[in-house]
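Chemist: Handing over upload-v1.cif, mmCIF, C-alpha atoms and all ligand atoms; chains and numbers go by the auth columns.
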data_target
loop_
_atom_site.group_PDB
_atom_site.id
_atom_site.type_symbol
_atom_site.label_atom_id
_atom_site.label_comp_id
_atom_site.label_asym_id
_atom_site.label_seq_id
_atom_site.Cartn_x
_atom_site.Cartn_y
_atom_site.Cartn_z
_atom_site.B_iso_or_equiv
_atom_site.auth_seq_id
_atom_site.auth_asym_id
ATOM 1 C CA SER A 1 89.949 107.197 85.648 0.00 19 A
ATOM 2 C CA ASN A 2 88.500 108.838 82.542 0.00 20 A
ATOM 3 C CA PRO A 3 91.321 109.601 80.061 0.00 21 A
ATOM 4 C CA ASN A 4 89.292 112.463 78.551 0.00 22 A
ATOM 5 C CA LEU A 5 89.439 114.322 81.814 0.00 23 A
ATOM 6 C CA GLN A 6 92.651 116.107 82.552 0.00 24 A
ATOM 7 C CA SER A 7 94.704 115.431 85.645 0.00 25 A
ATOM 8 C CA ARG A 8 95.128 118.697 87.510 0.00 26 A
ATOM 9 C CA GLY A 9 96.235 120.174 90.822 0.00 27 A
ATOM 10 C CA ALA A 10 93.803 121.094 93.593 0.00 28 A
ATOM 11 C CA LEU A 11 92.787 124.596 94.621 0.00 29 A
ATOM 12 C CA VAL A 12 92.772 124.558 98.409 0.00 30 A
ATOM 13 C CA VAL A 13 91.805 127.633 100.430 0.00 31 A
ATOM 14 C CA LEU A 14 92.350 128.085 104.161 0.00 32 A
ATOM 15 C CA GLU A 15 90.146 130.597 105.909 0.00 33 A
ATOM 16 C CA GLY A 16 89.683 131.710 109.490 0.00 34 A
ATOM 17 C CA LEU A 17 89.949 134.596 111.901 0.00 35 A
ATOM 18 C CA ASP A 18 93.248 136.292 112.616 0.00 36 A
ATOM 19 C CA ARG A 19 95.359 134.067 114.914 0.00 37 A
ATOM 20 C CA SER A 20 93.460 130.916 113.912 0.00 38 A
ATOM 21 C CA GLY A 21 96.764 129.382 112.784 0.00 39 A
ATOM 22 C CA LYS A 22 96.146 129.578 109.036 0.00 40 A
ATOM 23 C CA SER A 23 99.575 130.748 107.959 0.00 41 A
ATOM 24 C CA SER A 24 101.512 128.129 109.967 0.00 42 A
ATOM 25 C CA GLN A 25 99.182 125.355 108.835 0.00 43 A
ATOM 26 C CA CYS A 26 99.510 126.488 105.205 0.00 44 A
ATOM 27 C CA SER A 27 103.311 126.353 105.365 0.00 45 A
ATOM 28 C CA GLU A 28 103.235 122.932 106.971 0.00 46 A
ATOM 29 C CA ILE A 29 100.867 121.432 104.478 0.00 47 A
ATOM 30 C CA VAL A 30 102.903 122.805 101.578 0.00 48 A
ATOM 31 C CA SER A 31 106.127 121.314 103.006 0.00 49 A
ATOM 32 C CA TYR A 32 104.370 118.013 103.556 0.00 50 A
ATOM 33 C CA LEU A 33 102.920 117.776 100.052 0.00 51 A
ATOM 34 C CA GLN A 34 106.262 118.723 98.507 0.00 52 A
ATOM 35 C CA SER A 35 108.024 116.133 100.677 0.00 53 A
ATOM 36 C CA ILE A 36 105.845 113.376 99.208 0.00 54 A
ATOM 37 C CA GLY A 37 106.631 114.556 95.690 0.00 55 A
ATOM 38 C CA LEU A 38 103.504 116.567 94.846 0.00 56 A
ATOM 39 C CA ALA A 39 103.983 119.846 92.974 0.00 57 A
ATOM 40 C CA THR A 40 102.602 122.444 95.392 0.00 58 A
ATOM 41 C CA GLU A 41 102.778 126.223 95.809 0.00 59 A
ATOM 42 C CA LEU A 42 101.815 128.496 98.671 0.00 60 A
ATOM 43 C CA TRP A 43 99.747 131.536 97.682 0.00 61 A
ATOM 44 C CA ARG A 44 98.212 134.172 99.912 0.00 62 A
ATOM 45 C CA PHE A 45 95.742 136.999 99.656 0.00 63 A
ATOM 46 C CA PRO A 46 96.270 139.845 99.950 0.00 64 A
ATOM 47 C CA ASP A 47 99.405 139.485 97.829 0.00 65 A
ATOM 48 C CA ARG A 48 101.119 142.580 99.187 0.00 66 A
ATOM 49 C CA ASP A 49 103.870 142.582 96.547 0.00 67 A
ATOM 50 C CA THR A 50 101.828 143.892 93.611 0.00 68 A
ATOM 51 C CA ALA A 51 101.008 147.587 93.059 0.00 69 A
ATOM 52 C CA VAL A 52 97.456 146.984 94.274 0.00 70 A
ATOM 53 C CA GLY A 53 98.821 144.903 97.147 0.00 71 A
ATOM 54 C CA LYS A 54 100.972 147.812 98.311 0.00 72 A
ATOM 55 C CA MET A 55 97.871 150.009 98.551 0.00 73 A
ATOM 56 C CA ILE A 56 96.139 147.297 100.562 0.00 74 A
ATOM 57 C CA SER A 57 99.131 146.932 102.849 0.00 75 A
ATOM 58 C CA ALA A 58 99.247 150.678 103.516 0.00 76 A
ATOM 59 C CA TYR A 59 95.547 150.609 104.344 0.00 77 A
ATOM 60 C CA LEU A 60 95.863 147.646 106.720 0.00 78 A
ATOM 61 C CA SER A 61 98.734 149.259 108.604 0.00 79 A
ATOM 62 C CA ASN A 62 96.731 152.494 108.941 0.00 80 A
ATOM 63 C CA GLU A 63 99.154 154.459 106.780 0.00 81 A
ATOM 64 C CA SER A 64 96.264 155.328 104.500 0.00 82 A
ATOM 65 C CA ASN A 65 92.510 155.600 104.720 0.00 83 A
ATOM 66 C CA LEU A 66 90.152 154.454 102.001 0.00 84 A
ATOM 67 C CA ASP A 67 86.402 154.301 101.611 0.00 85 A
ATOM 68 C CA ASP A 68 85.078 150.842 102.603 0.00 86 A
ATOM 69 C CA HIS A 69 83.811 150.087 99.093 0.00 87 A
ATOM 70 C CA THR A 70 87.091 151.181 97.531 0.00 88 A
ATOM 71 C CA ILE A 71 89.271 148.917 99.674 0.00 89 A
ATOM 72 C CA HIS A 72 86.830 146.057 99.106 0.00 90 A
ATOM 73 C CA LEU A 73 87.302 146.406 95.350 0.00 91 A
ATOM 74 C CA LEU A 74 91.085 146.612 95.718 0.00 92 A
ATOM 75 C CA PHE A 75 91.123 143.300 97.608 0.00 93 A
ATOM 76 C CA SER A 76 89.035 141.823 94.804 0.00 94 A
ATOM 77 C CA ALA A 77 91.279 143.356 92.116 0.00 95 A
ATOM 78 C CA ASN A 78 94.231 141.760 93.902 0.00 96 A
ATOM 79 C CA ARG A 79 92.631 138.369 93.180 0.00 97 A
ATOM 80 C CA TRP A 80 91.711 139.200 89.586 0.00 98 A
ATOM 81 C CA GLU A 81 95.226 140.395 88.813 0.00 99 A
ATOM 82 C CA LYS A 82 96.557 136.933 89.599 0.00 100 A
ATOM 83 C CA ARG A 83 95.053 135.860 86.302 0.00 101 A
ATOM 84 C CA ASP A 84 97.885 137.532 84.392 0.00 102 A
ATOM 85 C CA LYS A 85 99.843 135.404 81.926 0.00 103 A
ATOM 86 C CA ARG A 86 102.704 134.286 84.129 0.00 104 A
ATOM 87 C CA SER A 87 100.882 133.480 87.322 0.00 105 A
ATOM 88 C CA LEU A 88 97.479 132.487 86.058 0.00 106 A
ATOM 89 C CA MET A 89 95.955 130.358 88.759 0.00 107 A
ATOM 90 C CA GLU A 90 94.208 128.103 86.294 0.00 108 A
ATOM 91 C CA GLU A 91 97.393 127.510 84.278 0.00 109 A
ATOM 92 C CA LYS A 92 99.231 126.346 87.386 0.00 110 A
ATOM 93 C CA LEU A 93 96.428 123.998 88.312 0.00 111 A
ATOM 94 C CA LYS A 94 96.170 122.623 84.781 0.00 112 A
ATOM 95 C CA ALA A 95 99.909 121.988 84.808 0.00 113 A
ATOM 96 C CA GLY A 96 99.267 119.725 87.805 0.00 114 A
ATOM 97 C CA THR A 97 100.352 122.054 90.625 0.00 115 A
ATOM 98 C CA THR A 98 98.275 122.107 93.806 0.00 116 A
ATOM 99 C CA LEU A 99 97.807 125.585 95.281 0.00 117 A
ATOM 100 C CA ILE A 100 97.441 126.107 99.015 0.00 118 A
ATOM 101 C CA VAL A 101 95.922 129.560 99.397 0.00 119 A
ATOM 102 C CA ASP A 102 95.960 131.541 102.640 0.00 120 A
ATOM 103 C CA ARG A 103 92.640 133.520 102.452 0.00 121 A
ATOM 104 C CA TYR A 104 90.491 134.149 99.356 0.00 122 A
ATOM 105 C CA SER A 105 87.148 135.696 98.387 0.00 123 A
ATOM 106 C CA TYR A 106 85.547 134.533 101.659 0.00 124 A
ATOM 107 C CA SER A 107 87.826 136.868 103.615 0.00 125 A
ATOM 108 C CA GLY A 108 86.878 139.566 101.145 0.00 126 A
ATOM 109 C CA VAL A 109 83.161 139.158 101.798 0.00 127 A
ATOM 110 C CA ALA A 110 83.375 138.397 105.530 0.00 128 A
ATOM 111 C CA PHE A 111 85.575 141.346 106.483 0.00 129 A
ATOM 112 C CA SER A 112 83.845 143.956 104.316 0.00 130 A
ATOM 113 C CA SER A 113 80.303 142.877 105.206 0.00 131 A
ATOM 114 C CA ALA A 114 81.310 142.833 108.898 0.00 132 A
ATOM 115 C CA LYS A 115 81.878 146.587 108.485 0.00 133 A
ATOM 116 C CA GLY A 116 78.262 146.939 107.376 0.00 134 A
ATOM 117 C CA LEU A 117 78.559 146.738 103.588 0.00 135 A
ATOM 118 C CA ASP A 118 75.784 144.765 101.889 0.00 136 A
ATOM 119 C CA PHE A 119 76.628 141.046 101.875 0.00 137 A
ATOM 120 C CA ASN A 120 75.512 140.450 98.278 0.00 138 A
ATOM 121 C CA TRP A 121 77.201 143.604 97.007 0.00 139 A
ATOM 122 C CA CYS A 122 80.427 142.268 98.516 0.00 140 A
ATOM 123 C CA LYS A 123 80.073 138.994 96.607 0.00 141 A
ATOM 124 C CA VAL A 124 79.564 140.530 93.166 0.00 142 A
ATOM 125 C CA PRO A 125 83.175 141.512 92.267 0.00 143 A
ATOM 126 C CA GLU A 126 84.294 137.955 93.113 0.00 144 A
ATOM 127 C CA THR A 127 81.884 136.473 90.561 0.00 145 A
ATOM 128 C CA GLY A 128 83.684 134.432 87.928 0.00 146 A
ATOM 129 C CA LEU A 129 86.882 133.836 89.866 0.00 147 A
ATOM 130 C CA LEU A 130 87.931 130.217 90.109 0.00 148 A
ATOM 131 C CA ALA A 131 86.127 128.531 92.997 0.00 149 A
ATOM 132 C CA PRO A 132 88.253 126.581 95.470 0.00 150 A
ATOM 133 C CA ASP A 133 87.885 122.808 95.383 0.00 151 A
ATOM 134 C CA ILE A 134 87.779 122.946 99.160 0.00 152 A
ATOM 135 C CA VAL A 135 87.659 125.585 101.882 0.00 153 A
ATOM 136 C CA LEU A 136 89.330 124.489 105.093 0.00 154 A
ATOM 137 C CA TYR A 137 87.956 126.739 107.794 0.00 155 A
ATOM 138 C CA LEU A 138 90.031 126.896 110.957 0.00 156 A
ATOM 139 C CA ASP A 139 87.338 127.523 113.512 0.00 157 A
ATOM 140 C CA ILE A 140 88.182 129.437 116.684 0.00 158 A
ATOM 141 C CA THR A 141 86.219 131.837 118.855 0.00 159 A
ATOM 142 C CA PRO A 142 87.506 135.409 118.734 0.00 160 A
ATOM 143 C CA GLU A 143 88.107 135.199 122.494 0.00 161 A
ATOM 144 C CA LYS A 144 90.363 132.145 122.160 0.00 162 A
ATOM 145 C CA ALA A 145 92.158 133.718 119.221 0.00 163 A
ATOM 146 C CA ALA A 146 92.812 136.884 121.218 0.00 164 A
ATOM 147 C CA GLU A 147 94.245 134.787 124.081 0.00 165 A
ATOM 148 C CA ARG A 148 96.926 133.560 121.683 0.00 166 A
ATOM 149 C CA GLY A 149 98.213 137.107 121.826 0.00 167 A
ATOM 150 C CA GLY A 150 100.135 139.018 119.286 0.00 168 A
ATOM 151 C CA TYR A 151 97.403 140.634 117.268 0.00 169 A
ATOM 152 C CA GLY A 152 99.826 142.599 115.123 0.00 170 A
ATOM 153 C CA GLY A 153 98.049 145.925 115.527 0.00 171 A
ATOM 154 C CA GLU A 154 96.701 145.990 111.991 0.00 172 A
ATOM 155 C CA ARG A 155 93.271 147.305 111.169 0.00 173 A
ATOM 156 C CA TYR A 156 90.600 144.598 111.831 0.00 174 A
ATOM 157 C CA GLU A 157 92.608 142.958 114.641 0.00 175 A
ATOM 158 C CA ARG A 158 90.080 143.786 117.357 0.00 176 A
ATOM 159 C CA LEU A 159 87.929 141.407 119.348 0.00 177 A
ATOM 160 C CA ASP A 160 84.575 143.116 118.668 0.00 178 A
ATOM 161 C CA PHE A 161 85.232 143.229 114.935 0.00 179 A
ATOM 162 C CA GLN A 162 86.440 139.612 114.761 0.00 180 A
ATOM 163 C CA ARG A 163 83.134 138.542 116.369 0.00 181 A
ATOM 164 C CA LYS A 164 81.247 140.075 113.451 0.00 182 A
ATOM 165 C CA VAL A 165 83.624 138.514 110.924 0.00 183 A
ATOM 166 C CA ARG A 166 82.982 135.055 112.393 0.00 184 A
ATOM 167 C CA GLU A 167 79.229 135.504 111.930 0.00 185 A
ATOM 168 C CA LYS A 168 79.738 136.482 108.302 0.00 186 A
ATOM 169 C CA TYR A 169 81.991 133.481 107.712 0.00 187 A
ATOM 170 C CA GLN A 170 79.126 131.313 108.999 0.00 188 A
ATOM 171 C CA ASP A 171 76.811 132.827 106.390 0.00 189 A
ATOM 172 C CA LEU A 172 79.299 131.957 103.625 0.00 190 A
ATOM 173 C CA GLN A 173 79.605 128.238 104.377 0.00 191 A
ATOM 174 C CA ASP A 174 78.609 125.865 101.588 0.00 192 A
ATOM 175 C CA ALA A 175 79.211 122.256 100.571 0.00 193 A
ATOM 176 C CA SER A 176 82.878 122.907 99.737 0.00 194 A
ATOM 177 C CA TRP A 177 83.666 123.864 103.360 0.00 195 A
ATOM 178 C CA LYS A 178 85.256 121.611 105.965 0.00 196 A
ATOM 179 C CA ILE A 179 85.258 123.021 109.472 0.00 197 A
ATOM 180 C CA VAL A 180 88.334 122.135 111.505 0.00 198 A
ATOM 181 C CA ASP A 181 88.571 122.927 115.209 0.00 199 A
ATOM 182 C CA ALA A 182 91.541 125.318 115.405 0.00 200 A
ATOM 183 C CA CYS A 183 91.858 124.770 119.173 0.00 201 A
ATOM 184 C CA LEU A 184 93.048 121.186 118.780 0.00 202 A
ATOM 185 C CA PRO A 185 96.814 120.692 119.151 0.00 203 A
ATOM 186 C CA MET A 186 98.638 121.953 116.039 0.00 204 A
ATOM 187 C CA GLU A 187 99.630 118.432 114.943 0.00 205 A
ATOM 188 C CA GLU A 188 96.011 117.252 115.148 0.00 206 A
ATOM 189 C CA VAL A 189 94.846 120.169 113.053 0.00 207 A
ATOM 190 C CA GLN A 190 97.571 119.410 110.501 0.00 208 A
ATOM 191 C CA LYS A 191 96.570 115.730 110.411 0.00 209 A
ATOM 192 C CA LYS A 192 92.954 116.604 109.603 0.00 210 A
ATOM 193 C CA LEU A 193 94.008 119.088 106.939 0.00 211 A
ATOM 194 C CA ARG A 194 96.279 116.523 105.289 0.00 212 A
ATOM 195 C CA GLU A 195 93.484 113.943 105.183 0.00 213 A
ATOM 196 C CA HIS A 196 91.124 116.378 103.466 0.00 214 A
ATOM 197 C CA VAL A 197 93.752 117.575 101.003 0.00 215 A
ATOM 198 C CA LEU A 198 95.069 114.128 100.020 0.00 216 A
ATOM 199 C CA GLU A 199 91.548 112.903 99.300 0.00 217 A
ATOM 200 C CA LEU A 200 90.872 116.016 97.246 0.00 218 A
ATOM 201 C CA ILE A 201 94.112 115.776 95.247 0.00 219 A
ATOM 202 C CA LYS A 202 93.088 112.266 94.247 0.00 220 A
ATOM 203 C CA ALA A 203 89.694 113.552 93.048 0.00 221 A
ATOM 204 C CA CYS A 204 91.380 116.319 91.047 0.00 222 A
ATOM 205 C CA GLN A 205 93.805 113.862 89.459 0.00 223 A
ATOM 206 C CA ASN A 206 90.745 111.879 88.402 0.00 224 A
ATOM 207 C CA GLY A 207 89.302 114.863 86.573 0.00 225 A
ATOM 208 C CA LYS A 208 87.191 116.780 89.089 0.00 226 A
ATOM 209 C CA PRO A 209 85.983 119.739 86.968 0.00 227 A
ATOM 210 C CA PHE A 210 86.724 123.396 87.745 0.00 228 A
ATOM 211 C CA SER A 211 83.925 125.598 88.988 0.00 229 A
ATOM 212 C CA HIS A 212 83.572 129.350 89.439 0.00 230 A
ATOM 213 C CA LEU A 213 82.238 131.675 92.138 0.00 231 A
ATOM 214 C CA TRP A 214 79.427 131.793 93.136 0.00 232 A
ATOM 215 C CA LEU A 215 77.809 128.922 91.268 0.00 233 A
HETATM 216 P P1 LIG B . 96.526 138.738 106.579 0.00 1 B
HETATM 217 O O1 LIG B . 96.654 139.000 108.048 0.00 1 B
HETATM 218 O O2 LIG B . 96.177 137.305 106.270 0.00 1 B
HETATM 219 O O3 LIG B . 97.660 139.265 105.759 0.00 1 B
HETATM 220 O O4 LIG B . 95.217 139.526 106.086 0.00 1 B
HETATM 221 N N1 LIG B . 91.167 140.797 104.149 0.00 1 B
HETATM 222 C C1 LIG B . 91.802 139.835 103.420 0.00 1 B
HETATM 223 C C2 LIG B . 90.085 141.507 103.639 0.00 1 B
HETATM 224 O O5 LIG B . 89.532 142.365 104.297 0.00 1 B
HETATM 225 N N2 LIG B . 89.662 141.218 102.368 0.00 1 B
HETATM 226 C C3 LIG B . 90.269 140.270 101.596 0.00 1 B
HETATM 227 O O6 LIG B . 89.853 140.045 100.452 0.00 1 B
HETATM 228 C C4 LIG B . 91.384 139.535 102.153 0.00 1 B
HETATM 229 C C5 LIG B . 92.070 138.500 101.338 0.00 1 B
HETATM 230 C C6 LIG B . 91.733 139.971 106.442 0.00 1 B
HETATM 231 C C7 LIG B . 95.119 140.884 106.270 0.00 1 B
HETATM 232 C C8 LIG B . 93.705 141.295 106.549 0.00 1 B
HETATM 233 O O7 LIG B . 93.003 141.542 105.342 0.00 1 B
HETATM 234 C C9 LIG B . 91.665 141.116 105.481 0.00 1 B
HETATM 235 C C10 LIG B . 92.874 140.305 107.339 0.00 1 B
HETATM 236 MG MG MG B . 96.528 139.318 109.978 0.00 2 B
#
Could you render the structure from this file as structure tokens?
Ligand code: 2DT
Ligand code: MG
Modeler:
Amino acid sequence: SNPNLQSRGALVVLEGLDRSGKSSQCSEIVSYLQSIGLATELWRFPDRDTAVGKMISAYLSNESNLDDHTIHLLFSANRWEKRDKRSLMEEKLKAGTTLIVDRYSYSGVAFSSAKGLDFNWCKVPETGLLAPDIVLYLDITPEKAAERGGYGGERYERLDFQRKVREKYQDLQDASWKIVDACLPMEEVQKKLREHVLELIKACQNGKPFSHLWL
């Protein structure tokens, strides 16, 4: 490996429709990576614990209503605010920590554009954020996802809307995406995710450079 290039952690994003299994798979992969001695943290967006995150949470649970553009920008702000001194995403990665992130800018664009907002307008506020090294997309049809039951009753958790979100996700796919069939048994899904992530971590340790959205 090139000694001039810095060993760093990997920025891994999981995306998918509601009930695609993202959150469980994220937890499992984090436990696995930690168990083999790799510094790893679980992040998620929205981060509902910040001031902005509390506004988002109120909106999602229908306790408040906001204009579609306004909530879009709040979701984006919730990603930008994670650049503050203590939690700076890039600092963590540079220190060698791998981040497993449950949703990111792709959710931002897919969900807002599925409401009818302009696709490119939705991408603009994300411009300049750190780009994931990989996007692991847990692919499931909205019908199959709904069969899993337990849509929590939050805004967006409706079959017709999830159909539109899936189409928008398809328009966002690029070379950094790996599509994983979310209907395989959970262990099989986890196995595929681990393979992708371990290969990527190696590349990052060997100095894979950072890139930024939407280059
Ligand atoms: P969770 O169920 O994962 O908490 O997500 N969403 C998410 C957006 O509309 N824009 C965004 O930028 C992000 C990150 C997807 C709550 C919902 O919020 C949607 C589902
Ligand atoms: Mg949800």
Chemist: Can you tell me which residues surround A:Ser38 at a distance of at most 8 Å, considering all atoms listed in the file, apart from same-chain residues fewer than 4 positions away, and format the answer as a list in words?
Modeler: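 The residues that qualify are Gly34, Leu156, Asp157, Ile158, Ala163 and Ala200 of chain A.
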Chemist: Pull C-alpha atoms from the residues just selected and write them as a CSV table (one decimal), in the frame of the given file.
Modeler:
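Written out: result-v5.csv:
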chain,number,residue,atom,x,y,z
A,34,GLY,CA,89.7,131.7,109.5
A,156,LEU,CA,90.0,126.9,111.0
A,157,ASP,CA,87.3,127.5,113.5
A,158,ILE,CA,88.2,129.4,116.7
A,163,ALA,CA,92.2,133.7,119.2
A,200,ALA,CA,91.5,125.3,115.4
Chemist: Could you report the residues within 10 Å of ligand LIG 1 (chain B), using only C-alpha atoms and all ligand atoms, as a ChimeraX atom specification?
Modeler: /A:33-37,40-41,62-66,74-75,77-79,86,89-97,119-133,140,144,169-170,172-175,180,183
Chemist: Please give the centre and size of the box around stretch 164-173 of chain A (axis-aligned, containing every atom listed in the file, 3 Å added per side), with values in Å to one decimal and written as JSON.
Modeler:
{"center_x": 96.5, "center_y": 140.4, "center_z": 117.6, "size_x": 13.3, "size_y": 19.7, "size_z": 18.9}
Chemist: Show which residues sit within 10 Å of stretch 206-217 of chain A, as a ChimeraX atom specification. Count only C-alpha atoms, and ignore same-chain residues fewer than 2 positions away.
Modeler: /A:28-30,32,39,42-44,46-48,50-51,116,118,151-156,196-204,219-222
Chemist: Quick one, how far is atom CA of A:Thr115 from atom CA of A:Ala69?
Modeler: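 Distance reported for this atom pair: 25.7 Å.
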Chemist: Which distance in Å separates atom CA of A:Lys112 and atom CA of A:Trp61, to one decimal?
Modeler: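 Rounded to one decimal, the two atoms are 16.1 Å apart.
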Chemist: Rounded to one decimal place, report the atom CA of A:Leu148-atom CA of A:Trp98 distance in Å.
Modeler: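 We find that atom CA of A:Leu148 and atom CA of A:Trp98 lie 9.8 Å from each other.
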Chemist: Take the PyMOL selection byres (((chain A and resi 227) around 12) and not hetatm), apply it to the structure above, and return the hits as a list in words.
Modeler: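 Given this file, the PyMOL selection byres (((chain A and resi 227) around 12) and not hetatm) evaluates to Asn22, Leu23, Gln24, Ser25, Arg26, Gly27, Ala28, Leu29, Glu108, Leu111, Lys112, Leu148, Ala149, Pro150, Asp151, Leu218, Ala221, Cys222, Gln223, Asn224, Gly225, Lys226, Phe228, Ser229 and His230 of chain A.
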Chemist: Under the rule that only C-alpha atoms and all ligand atoms are counted, which of A:Glu165, A:Asp189, A:Lys182, A:Gly171 is the nearest residue to ligand MG 2 (chain B)?
Modeler: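 With only C-alpha atoms and all ligand atoms as the atom set, the closest residue is A:Gly171.
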Chemist: Pick the closest to ligand MG 2 (chain B) from A:Asn83, A:Gln191, A:Gly168, A:Asp178: which is it, counting all atoms listed in the file?
Modeler: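 Nearest to ligand MG 2 (chain B): A:Gly168.
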Chemist: Taking all atoms listed in the file into account, which of A:Ala164, A:Leu147, A:Ile54, A:Leu231 comes nearest A:Leu106?
Modeler: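 That would be A:Leu147, the residue with the smallest distance to A:Leu106.
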Chemist: Nearest residue to A:Lys100 out of A:Ser53, A:Asn138, A:Gln188, A:Thr68, using all atoms listed in the file?
Modeler: A:Thr68
Chemist: Out of A:Gly134, A:Gly114, A:Lys72, A:Glu109, which residue has the shortest atom-to-atom distance to A:Leu56 when counting only C-alpha atoms?
Modeler: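 Ranking A:Gly134, A:Gly114, A:Lys72, A:Glu109 by distance to A:Leu56, first place goes to A:Gly114.
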Chemist: Looking at A:Arg181, A:Lys141, A:Arg176, A:Lys162, which one is nearest to ligand MG 2 (chain B), with distances taken over all atoms listed in the file?
Modeler: A:Arg176
Chemist: Would you fill the gaps in stretch 56-73 of chain A so it has N, CA and C atoms, then print it as an mmCIF file, in the frame of the given file?
Modeler:
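Generated output (result_8.cif):
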data_model
loop_
_atom_site.group_PDB
_atom_site.id
_atom_site.type_symbol
_atom_site.label_atom_id
_atom_site.label_comp_id
_atom_site.auth_asym_id
_atom_site.auth_seq_id
_atom_site.Cartn_x
_atom_site.Cartn_y
_atom_site.Cartn_z
ATOM 1 N N LEU A 56 104.602 115.912 95.567
ATOM 2 C CA LEU A 56 103.504 116.567 94.846
ATOM 3 C C LEU A 56 103.845 118.029 94.584
ATOM 4 N N ALA A 57 103.729 118.446 93.329
ATOM 5 C CA ALA A 57 103.983 119.846 92.974
ATOM 6 C C ALA A 57 102.974 120.728 93.715
ATOM 7 N N THR A 58 103.477 121.624 94.545
ATOM 8 C CA THR A 58 102.602 122.444 95.392
ATOM 9 C C THR A 58 103.201 123.836 95.549
ATOM 10 N N GLU A 59 102.330 124.841 95.534
ATOM 11 C CA GLU A 59 102.778 126.223 95.809
ATOM 12 C C GLU A 59 101.917 126.834 96.889
ATOM 13 N N LEU A 60 102.535 127.722 97.663
ATOM 14 C CA LEU A 60 101.815 128.496 98.671
ATOM 15 C C LEU A 60 101.477 129.863 98.092
ATOM 16 N N TRP A 61 100.197 130.206 98.096
ATOM 17 C CA TRP A 61 99.747 131.536 97.682
ATOM 18 C C TRP A 61 99.063 132.184 98.874
ATOM 19 N N ARG A 62 98.998 133.519 98.863
ATOM 20 C CA ARG A 62 98.212 134.172 99.912
ATOM 21 C C ARG A 62 97.572 135.441 99.387
ATOM 22 N N PHE A 63 96.419 135.734 99.929
ATOM 23 C CA PHE A 63 95.742 136.999 99.656
ATOM 24 C C PHE A 63 95.504 137.727 100.972
ATOM 25 N N PRO A 64 95.738 139.049 101.046
ATOM 26 C CA PRO A 64 96.270 139.845 99.950
ATOM 27 C C PRO A 64 97.705 139.464 99.601
ATOM 28 N N ASP A 65 98.023 139.567 98.271
ATOM 29 C CA ASP A 65 99.405 139.485 97.829
ATOM 30 C C ASP A 65 99.933 140.912 97.893
ATOM 31 N N ARG A 66 100.716 141.195 98.919
ATOM 32 C CA ARG A 66 101.119 142.580 99.187
ATOM 33 C C ARG A 66 102.245 143.075 98.278
ATOM 34 N N ASP A 67 102.729 142.206 97.392
ATOM 35 C CA ASP A 67 103.870 142.582 96.547
ATOM 36 C C ASP A 67 103.487 143.305 95.266
ATOM 37 N N THR A 68 102.231 143.216 94.844
ATOM 38 C CA THR A 68 101.828 143.892 93.611
ATOM 39 C C THR A 68 101.540 145.369 93.918
ATOM 40 N N ALA A 69 101.330 146.165 92.860
ATOM 41 C CA ALA A 69 101.008 147.587 93.059
ATOM 42 C C ALA A 69 99.722 147.732 93.876
ATOM 43 N N VAL A 70 98.718 146.957 93.513
ATOM 44 C CA VAL A 70 97.456 146.984 94.274
ATOM 45 C C VAL A 70 97.701 146.510 95.708
ATOM 46 N N GLY A 71 98.505 145.462 95.828
ATOM 47 C CA GLY A 71 98.821 144.903 97.147
ATOM 48 C C GLY A 71 99.503 145.908 98.061
ATOM 49 N N LYS A 72 100.301 146.785 97.492
ATOM 50 C CA LYS A 72 100.972 147.812 98.311
ATOM 51 C C LYS A 72 99.957 148.812 98.854
ATOM 52 N N MET A 73 98.937 149.117 98.060
ATOM 53 C CA MET A 73 97.871 150.009 98.551
ATOM 54 C C MET A 73 97.098 149.345 99.685
#
